[in-house]
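Source file: query-v4.cif (mmCIF, C-alpha atoms)
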```cif
data_run
loop_
_atom_site.label_atom_id
_atom_site.label_comp_id
_atom_site.auth_asym_id
_atom_site.auth_seq_id
_atom_site.Cartn_x
_atom_site.Cartn_y
_atom_site.Cartn_z
CA MET A 26 -2.55 61.29 17.03
CA SER A 27 -1.04 64.69 16.40
CA ASN A 28 0.69 66.79 19.04
CA SER A 29 -1.25 69.75 17.71
CA LYS A 30 -4.21 68.66 19.82
CA SER A 31 -4.85 70.96 22.77
CA HIS A 32 -3.60 69.37 25.99
CA PRO A 33 -5.76 69.10 29.12
CA GLN A 34 -4.69 71.52 31.84
CA ALA A 35 -6.96 70.71 34.78
CA THR A 36 -8.27 67.47 36.26
CA GLU A 37 -11.89 68.52 35.94
CA ASP A 38 -11.47 69.03 32.18
CA LEU A 39 -10.23 65.47 31.58
CA ASP A 40 -12.39 62.72 30.16
CA ILE A 41 -11.02 59.43 31.46
CA GLU A 42 -12.80 57.46 28.74
CA GLU A 43 -11.05 59.59 26.14
CA ILE A 44 -7.72 58.79 27.77
CA ARG A 45 -8.63 55.09 27.89
CA GLU A 46 -9.43 55.19 24.18
CA PHE A 47 -6.00 56.70 23.46
CA TYR A 48 -4.26 53.80 25.20
CA ASP A 49 -6.48 51.13 23.68
CA THR A 50 -6.32 52.40 20.12
CA VAL A 51 -3.03 54.33 19.87
CA TYR A 52 -0.54 53.34 22.56
CA TYR A 53 -1.38 49.61 22.48
CA GLY A 54 -2.99 49.78 19.07
CA ASP A 55 -0.42 47.51 17.42
CA GLY A 56 -0.56 44.95 20.22
CA SER A 57 2.92 45.82 21.44
CA GLY A 58 4.06 47.99 24.33
CA GLY A 59 7.04 45.79 25.05
CA GLY A 60 10.69 46.67 24.62
CA GLY A 61 12.02 43.23 23.92
CA ALA A 62 14.86 41.31 25.50
CA SER A 63 16.76 44.45 26.50
CA LEU A 64 13.88 45.68 28.67
CA ARG A 65 13.50 42.23 30.21
CA ARG A 66 17.19 42.28 31.20
CA HIS A 67 16.65 45.72 32.71
CA ASN A 68 13.65 44.42 34.67
CA GLU A 69 15.63 41.41 35.89
CA ALA A 70 18.31 43.75 37.22
CA LEU A 71 15.61 45.87 38.84
CA ALA A 72 14.14 42.80 40.57
CA ASN A 73 17.61 41.96 41.90
CA LYS A 74 18.10 45.51 43.16
CA ILE A 75 14.94 45.50 45.26
CA GLY A 76 15.43 41.90 46.39
CA LEU A 77 12.29 40.26 45.01
CA ARG A 78 11.74 36.78 46.46
CA ALA A 79 9.27 33.96 45.88
CA GLY A 80 5.98 34.48 47.67
CA THR A 81 6.14 38.29 47.53
CA LYS A 82 2.82 39.89 46.62
CA VAL A 83 3.48 42.50 43.93
CA LEU A 84 1.03 45.09 42.59
CA ASP A 85 2.00 47.05 39.50
CA VAL A 86 -0.11 50.16 38.93
CA ALA A 87 -0.39 51.03 35.22
CA CYS A 88 1.01 47.58 34.44
CA GLY A 89 0.68 47.86 30.66
CA THR A 90 1.02 44.50 28.92
CA GLY A 91 2.80 43.05 31.94
CA GLY A 92 6.50 42.94 31.07
CA TRP A 93 7.62 43.82 34.61
CA LEU A 94 5.09 41.50 36.25
CA GLN A 95 6.20 38.59 34.08
CA VAL A 96 9.69 38.97 35.57
CA CYS A 97 8.16 39.07 39.07
CA ARG A 98 6.04 35.99 38.38
CA HIS A 99 9.04 34.10 37.01
CA ARG A 100 10.67 34.64 40.42
CA GLY A 101 7.72 33.07 42.20
CA CYS A 102 5.89 36.26 43.19
CA ASP A 103 2.11 36.54 43.34
CA VAL A 104 1.26 39.27 40.84
CA ALA A 105 -1.57 41.75 40.37
CA GLY A 106 -1.96 44.72 38.07
CA VAL A 107 -4.26 47.52 37.09
CA ASP A 108 -4.22 49.55 33.91
CA LEU A 109 -6.67 51.93 32.30
CA SER A 110 -6.37 50.05 29.01
CA GLN A 111 -8.64 47.04 28.58
CA ARG A 112 -6.41 45.91 25.73
CA ALA A 113 -3.34 45.87 28.00
CA ILE A 114 -5.18 44.00 30.75
CA GLU A 115 -6.34 41.34 28.29
CA ALA A 116 -2.70 40.80 27.31
CA CYS A 117 -1.76 40.36 30.99
CA GLN A 118 -4.61 37.91 31.58
CA GLN A 119 -3.55 35.84 28.59
CA GLN A 120 0.12 35.73 29.61
CA MET A 121 -0.44 35.33 33.38
CA PRO A 122 -3.79 33.60 33.92
CA ASP A 123 -2.98 33.03 37.60
CA GLY A 124 -2.55 36.77 38.22
CA GLU A 125 -5.17 39.31 39.27
CA PHE A 126 -5.77 42.06 36.72
CA TYR A 127 -8.27 44.89 36.35
CA ALA A 128 -8.95 47.56 33.72
CA GLN A 129 -9.29 50.29 36.31
CA PRO A 130 -8.14 53.88 36.96
CA ALA A 131 -5.30 54.12 39.46
CA GLU A 132 -7.31 56.58 41.54
CA THR A 133 -9.65 53.76 42.72
CA LEU A 134 -7.74 50.51 43.23
CA PRO A 135 -10.02 47.43 43.49
CA PHE A 136 -8.23 45.84 46.46
CA GLU A 137 -8.74 45.61 50.21
CA ASP A 138 -6.40 47.46 52.60
CA GLN A 139 -2.90 46.12 53.34
CA GLN A 140 -2.64 43.47 50.63
CA PHE A 141 0.77 43.89 48.98
CA ASP A 142 4.44 43.58 49.94
CA VAL A 143 5.67 45.57 46.92
CA VAL A 144 3.79 48.26 44.98
CA THR A 145 5.31 49.56 41.76
CA CYS A 146 4.41 52.31 39.30
CA LEU A 147 6.97 52.51 36.54
CA GLY A 148 6.95 55.43 34.14
CA SER A 149 3.25 56.18 34.44
CA LEU A 150 2.45 58.51 37.34
CA GLU A 151 2.90 61.57 35.11
CA HIS A 152 -0.05 60.36 33.01
CA PHE A 153 -2.57 59.96 35.85
CA VAL A 154 -5.56 62.27 36.17
CA ASP A 155 -5.03 62.58 39.95
CA PRO A 156 -1.55 61.38 40.94
CA LEU A 157 -1.95 62.29 44.62
CA SER A 158 -5.12 60.22 45.01
CA SER A 159 -3.44 57.38 43.12
CA LEU A 160 -0.44 57.42 45.46
CA ARG A 161 -2.71 57.42 48.50
CA GLU A 162 -4.51 54.40 47.08
CA MET A 163 -1.16 52.64 46.65
CA VAL A 164 -0.36 53.35 50.30
CA ARG A 165 -3.77 52.06 51.35
CA VAL A 166 -3.40 48.66 49.68
CA ALA A 167 0.21 48.13 50.82
CA LYS A 168 1.12 46.11 53.89
CA PRO A 169 2.95 47.87 56.76
CA GLY A 170 6.62 48.06 55.81
CA ALA A 171 5.93 47.49 52.11
CA THR A 172 8.35 48.67 49.44
CA PHE A 173 7.18 51.23 46.87
CA LEU A 174 9.11 51.57 43.63
CA ILE A 175 8.14 54.57 41.49
CA LEU A 176 9.77 55.65 38.24
CA VAL A 177 9.03 59.22 37.13
CA PRO A 178 10.35 61.63 34.48
CA ASN A 179 12.35 64.68 35.44
CA LYS A 180 11.37 68.20 34.34
CA ASP A 181 15.05 69.21 34.60
CA PHE A 182 16.18 66.54 32.13
CA LEU A 183 19.03 68.27 30.31
CA THR A 184 17.82 67.42 26.80
CA ARG A 185 14.41 68.85 27.70
CA LYS A 186 15.92 72.01 29.19
CA ILE A 187 17.83 72.84 26.01
CA GLY A 188 14.71 72.30 23.87
CA LEU A 189 15.54 68.99 22.16
CA PHE A 190 12.80 66.97 23.87
CA ALA A 191 9.16 67.98 24.40
CA GLY A 192 7.77 64.84 26.02
CA THR A 193 6.53 61.45 24.88
CA TYR A 194 3.66 61.08 22.45
CA GLN A 195 1.48 60.21 25.45
CA VAL A 196 1.29 63.99 25.89
CA ASP A 197 -1.68 63.67 23.50
CA ALA A 198 -3.56 62.03 26.36
CA LEU A 199 -2.04 63.58 29.49
CA GLU A 200 1.54 64.13 30.65
CA VAL A 201 2.51 66.34 33.61
CA VAL A 202 6.25 66.25 34.32
CA ARG A 203 7.69 67.54 37.60
CA SER A 204 11.16 68.26 38.96
CA LEU A 205 12.69 65.76 41.37
CA GLU A 206 11.93 68.14 44.23
CA GLU A 207 8.30 68.44 43.15
CA TRP A 208 7.94 64.68 42.88
CA GLN A 209 9.40 64.22 46.35
CA ALA A 210 6.94 66.76 47.75
CA LEU A 211 4.07 64.91 46.08
CA PHE A 212 5.24 61.60 47.55
CA GLY A 213 5.40 63.25 50.96
CA ASP A 214 1.84 64.54 50.63
CA ALA A 215 0.77 60.94 49.99
CA GLY A 216 2.52 59.70 53.13
CA LEU A 217 5.63 58.29 51.47
CA GLU A 218 9.28 58.77 52.44
CA VAL A 219 11.96 58.41 49.77
CA GLU A 220 14.66 55.99 50.92
CA SER A 221 16.84 56.03 47.80
CA ARG A 222 16.92 57.25 44.21
CA TRP A 223 18.86 56.12 41.16
CA LYS A 224 19.15 56.71 37.43
CA ASP A 225 17.00 54.88 34.91
CA LEU A 226 19.42 53.63 32.24
CA HIS A 227 17.11 51.32 30.31
CA VAL A 228 17.73 53.43 27.20
CA LEU A 229 21.25 52.04 26.88
CA ASN A 230 20.23 49.56 24.20
CA LYS A 231 19.78 49.33 20.45
CA HIS A 232 15.99 49.02 20.64
CA TRP A 233 15.59 52.44 22.30
CA ILE A 234 18.22 54.17 20.18
CA THR A 235 16.67 52.99 16.88
CA THR A 236 13.09 53.90 17.80
CA GLY A 237 11.60 56.60 15.58
CA LYS A 238 12.93 58.21 12.42
CA PRO A 239 16.48 57.18 11.40
CA TYR A 240 17.69 60.77 11.36
CA THR A 241 17.06 60.95 15.12
CA TRP A 242 19.17 57.88 15.93
CA PRO A 243 22.55 59.66 16.26
CA LEU A 244 21.11 62.14 18.80
CA ARG A 245 19.39 59.33 20.69
CA ALA A 246 22.64 57.39 20.80
CA VAL A 247 24.57 60.38 22.15
CA GLN A 248 21.90 60.98 24.77
CA ALA A 249 21.82 57.33 25.87
CA LEU A 250 25.61 57.23 26.24
CA ALA A 251 25.63 60.53 28.16
CA LEU A 252 23.07 59.52 30.80
CA PRO A 253 25.47 57.42 32.92
CA LEU A 254 27.77 60.46 33.14
CA TRP A 255 25.15 63.08 33.94
CA PRO A 256 24.21 63.81 37.57
CA LEU A 257 20.85 62.72 38.91
CA ARG A 258 19.34 66.20 38.50
CA TRP A 259 19.83 66.00 34.69
CA GLN A 260 18.44 62.50 34.20
CA TYR A 261 15.52 61.63 31.94
CA GLN A 262 13.81 59.38 34.50
CA VAL A 263 14.61 58.54 38.11
CA TYR A 264 13.66 55.58 40.30
CA HIS A 265 12.39 56.33 43.81
CA ARG A 266 12.34 53.57 46.41
CA CYS A 267 9.95 54.59 49.18
CA LYS A 268 8.33 53.46 52.42
CA ALA A 269 5.07 54.65 53.93
CA ARG A 270 5.43 56.86 56.98
CA PRO A 271 4.12 55.20 60.15
CA SER A 272 0.58 56.38 60.84
#
```
So, in terms of structure tokens, how does the structure I just supplied come out?
Amino acid sequence: MSNSKSHPQATEDLDIEEIREFYDTVYYGDGSGGGGASLRRHNEALANKIGLRAGTKVLDVACGTGGWLQVCRHRGCDVAGVDLSQRAIEACQQQMPDGEFYAQPAETLPFEDQQFDVVTCLGSLEHFVDPLSSLREMVRVAKPGATFLILVPNKDFLTRKIGLFAGTYQVDALEVVRSLEEWQALFGDAGLEVESRWKDLHVLNKHWITTGKPYTWPLRAVQALALPLWPLRWQYQVYHRCKARPS
């Protein structure tokens, strides 16, 4: 799909079925959506960082084909996921038949209140039609004291600021990128407090560097190697570990 398509500007103008079709036919159209062994290693390190243990109930919102949840399940967690893409959910159901998966918008989660110990949303919130409603739904289905792990892109990403990056190709569906301050304000509006933040360095691998046209690889390599040195405010994506404010 070409980036020449006009991009939706307001929630009321968005057709969620059109967005679903993009993910079913374009984003997951080749049956992938993975990232290979390097992304699995990154997810294993992430699970260590947040202290995932057997018996933890984990919900991943916009779970894709389930790479993160497979790591959680391997550690003995009970896993659930929602994703707008039916194709992605079918992949999750095939790989994790004991999990609970729904092809559902994030704005209306199909779970009872206070169900989950950990709620994650990794690299997807910027693509939601109504991110505030989605965050409030995540808070609703989380147990008191639950951990929220949210990965979001940064509008002040240095490569973006100097005009060398214009967003992912998911911009053809919907992509609204905010600054770290704007994200934190949005989390606060949803009743979340940010406990810690850290850099997303999953791009430090050959798979990410050699994605796309070969002439872009040198720039991608330089960018990947620079990210560990850049301050948080210049990062491409940033993890936010949050807790819900007491009601």
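Between Thr172 in chain A and the candidates A:Gln209, A:Gln262, A:Thr235, A:Thr145, the tightest atom-to-atom separation, counting only C-alpha atoms, involves A:Thr145.
With all atoms listed in the file as the atoms that count, the residue of A:His152, A:Lys231, A:Arg100, A:Lys224 with the shortest distance to Val201 in chain A is A:His152.
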Atomic distance CA of Cys102 in chain A - CA of Pro135 in chain A, expressed in Å with one decimal: 19.4 Å
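Shortest atom-to-atom contact with Ser221 in chain A among A:Ala105, A:Cys267, A:Leu205, A:Leu254: A:Cys267, counting only C-alpha atoms.
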Need the neighbours of (5.8, 32.4, 34.9): which residues are at most 12 Å away, counting all atoms listed in the file, as a PDB file with C-alpha atoms, keeping the file's coordinate frame?
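In the end it all went to selection.pdb:
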```pdb
ATOM      1  CA  ALA A  79       9.270  33.960  45.880  1.00  0.00           C
ATOM      2  CA  GLY A  91       2.800  43.050  31.940  1.00  0.00           C
ATOM      3  CA  GLY A  92       6.500  42.940  31.070  1.00  0.00           C
ATOM      4  CA  TRP A  93       7.620  43.820  34.610  1.00  0.00           C
ATOM      5  CA  LEU A  94       5.090  41.500  36.250  1.00  0.00           C
ATOM      6  CA  GLN A  95       6.200  38.590  34.080  1.00  0.00           C
ATOM      7  CA  VAL A  96       9.690  38.970  35.570  1.00  0.00           C
ATOM      8  CA  CYS A  97       8.160  39.070  39.070  1.00  0.00           C
ATOM      9  CA  ARG A  98       6.040  35.990  38.380  1.00  0.00           C
ATOM     10  CA  HIS A  99       9.040  34.100  37.010  1.00  0.00           C
ATOM     11  CA  ARG A 100      10.670  34.640  40.420  1.00  0.00           C
ATOM     12  CA  GLY A 101       7.720  33.070  42.200  1.00  0.00           C
ATOM     13  CA  CYS A 102       5.890  36.260  43.190  1.00  0.00           C
ATOM     14  CA  ASP A 103       2.110  36.540  43.340  1.00  0.00           C
ATOM     15  CA  VAL A 104       1.260  39.270  40.840  1.00  0.00           C
ATOM     16  CA  CYS A 117      -1.760  40.360  30.990  1.00  0.00           C
ATOM     17  CA  GLN A 119      -3.550  35.840  28.590  1.00  0.00           C
ATOM     18  CA  GLN A 120       0.120  35.730  29.610  1.00  0.00           C
ATOM     19  CA  MET A 121      -0.440  35.330  33.380  1.00  0.00           C
ATOM     20  CA  PRO A 122      -3.790  33.600  33.920  1.00  0.00           C
ATOM     21  CA  ASP A 123      -2.980  33.030  37.600  1.00  0.00           C
ATOM     22  CA  GLY A 124      -2.550  36.770  38.220  1.00  0.00           C
TER      23      GLY A 124
END
```
Length of the CA of Trp255 in chain A to CA of Ser149 in chain A vector [Å]: 23.0 Å
Give one line per residue of range 64-112 of chain A that approaches range 40-51 of chain A to at most 8 Å, naming the two atoms of the closest pair and their distance in Å to one decimal, counting all atoms listed in the file; sort by chain then ascending residue number and deliver it as JSON lines.
```
{"residue": "A:Leu109", "atom": "CA", "partner": "A:Arg45", "partner_atom": "CA", "distance": 5.8}
{"residue": "A:Ser110", "atom": "CA", "partner": "A:Asp49", "partner_atom": "CA", "distance": 5.4}
{"residue": "A:Gln111", "atom": "CA", "partner": "A:Asp49", "partner_atom": "CA", "distance": 6.7}
{"residue": "A:Arg112", "atom": "CA", "partner": "A:Asp49", "partner_atom": "CA", "distance": 5.6}
```
Output C-alpha atoms for every residue in the selection just made, as a PDB file, in the coordinates of the input.
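Listing of out.pdb after writing:
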```
ATOM      1  CA  LEU A 109      -6.670  51.930  32.300  1.00  0.00           C
ATOM      2  CA  SER A 110      -6.370  50.050  29.010  1.00  0.00           C
ATOM      3  CA  GLN A 111      -8.640  47.040  28.580  1.00  0.00           C
ATOM      4  CA  ARG A 112      -6.410  45.910  25.730  1.00  0.00           C
TER       5      ARG A 112
END
```
Residues selected by the PyMOL selection byres ((chain A and resi 132) around 6), written as number ranges by chain: A: 130-131, 133, 158-159
Expected file: the selected residues, C-alpha atoms, as a PDB file, in the coordinates of the input:
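This went into result04.pdb:
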```pdb
ATOM      1  CA  PRO A 130      -8.140  53.880  36.960  1.00  0.00           C
ATOM      2  CA  ALA A 131      -5.300  54.120  39.460  1.00  0.00           C
ATOM      3  CA  THR A 133      -9.650  53.760  42.720  1.00  0.00           C
ATOM      4  CA  SER A 158      -5.120  60.220  45.010  1.00  0.00           C
ATOM      5  CA  SER A 159      -3.440  57.380  43.120  1.00  0.00           C
TER       6      SER A 159
END
```
Hits from the PyMOL selection byres ((chain A and resi 150) around 12), listed as number ranges by chain: A: 85-88, 108, 130-132, 145-149, 151-160, 163, 174-179, 199-203, 208, 211-212, 262, 264
Requested write-out: C-alpha atoms of the selected residues, as a short mmCIF file (atom, residue, chain, number, x, y, z; two decimals), in the coordinates of the input:
```cif
data_model
loop_
_atom_site.label_atom_id
_atom_site.label_comp_id
_atom_site.auth_asym_id
_atom_site.auth_seq_id
_atom_site.Cartn_x
_atom_site.Cartn_y
_atom_site.Cartn_z
CA ASP A 85 2.00 47.05 39.50
CA VAL A 86 -0.11 50.16 38.93
CA ALA A 87 -0.39 51.03 35.22
CA CYS A 88 1.01 47.58 34.44
CA ASP A 108 -4.22 49.55 33.91
CA PRO A 130 -8.14 53.88 36.96
CA ALA A 131 -5.30 54.12 39.46
CA GLU A 132 -7.31 56.58 41.54
CA THR A 145 5.31 49.56 41.76
CA CYS A 146 4.41 52.31 39.30
CA LEU A 147 6.97 52.51 36.54
CA GLY A 148 6.95 55.43 34.14
CA SER A 149 3.25 56.18 34.44
CA GLU A 151 2.90 61.57 35.11
CA HIS A 152 -0.05 60.36 33.01
CA PHE A 153 -2.57 59.96 35.85
CA VAL A 154 -5.56 62.27 36.17
CA ASP A 155 -5.03 62.58 39.95
CA PRO A 156 -1.55 61.38 40.94
CA LEU A 157 -1.95 62.29 44.62
CA SER A 158 -5.12 60.22 45.01
CA SER A 159 -3.44 57.38 43.12
CA LEU A 160 -0.44 57.42 45.46
CA MET A 163 -1.16 52.64 46.65
CA LEU A 174 9.11 51.57 43.63
CA ILE A 175 8.14 54.57 41.49
CA LEU A 176 9.77 55.65 38.24
CA VAL A 177 9.03 59.22 37.13
CA PRO A 178 10.35 61.63 34.48
CA ASN A 179 12.35 64.68 35.44
CA LEU A 199 -2.04 63.58 29.49
CA GLU A 200 1.54 64.13 30.65
CA VAL A 201 2.51 66.34 33.61
CA VAL A 202 6.25 66.25 34.32
CA ARG A 203 7.69 67.54 37.60
CA TRP A 208 7.94 64.68 42.88
CA LEU A 211 4.07 64.91 46.08
CA PHE A 212 5.24 61.60 47.55
CA GLN A 262 13.81 59.38 34.50
CA TYR A 264 13.66 55.58 40.30
#
```
The PyMOL selection byres ((chain A and resi 234) around 10) resolved against shown file, as a PyMOL selection string: chain A and resi 228-233+235-237+239+241-249
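Taking CA of Gly76 in chain A and CA of Val144 in chain A as endpoints, the distance between them is 13.3 Å.
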Residue neighbourhood Val143 in chain A, 6 Å, all atoms listed in the file, exclusion window fewer than 5 positions, as a PyMOL selection string: chain A and resi 83+171-173
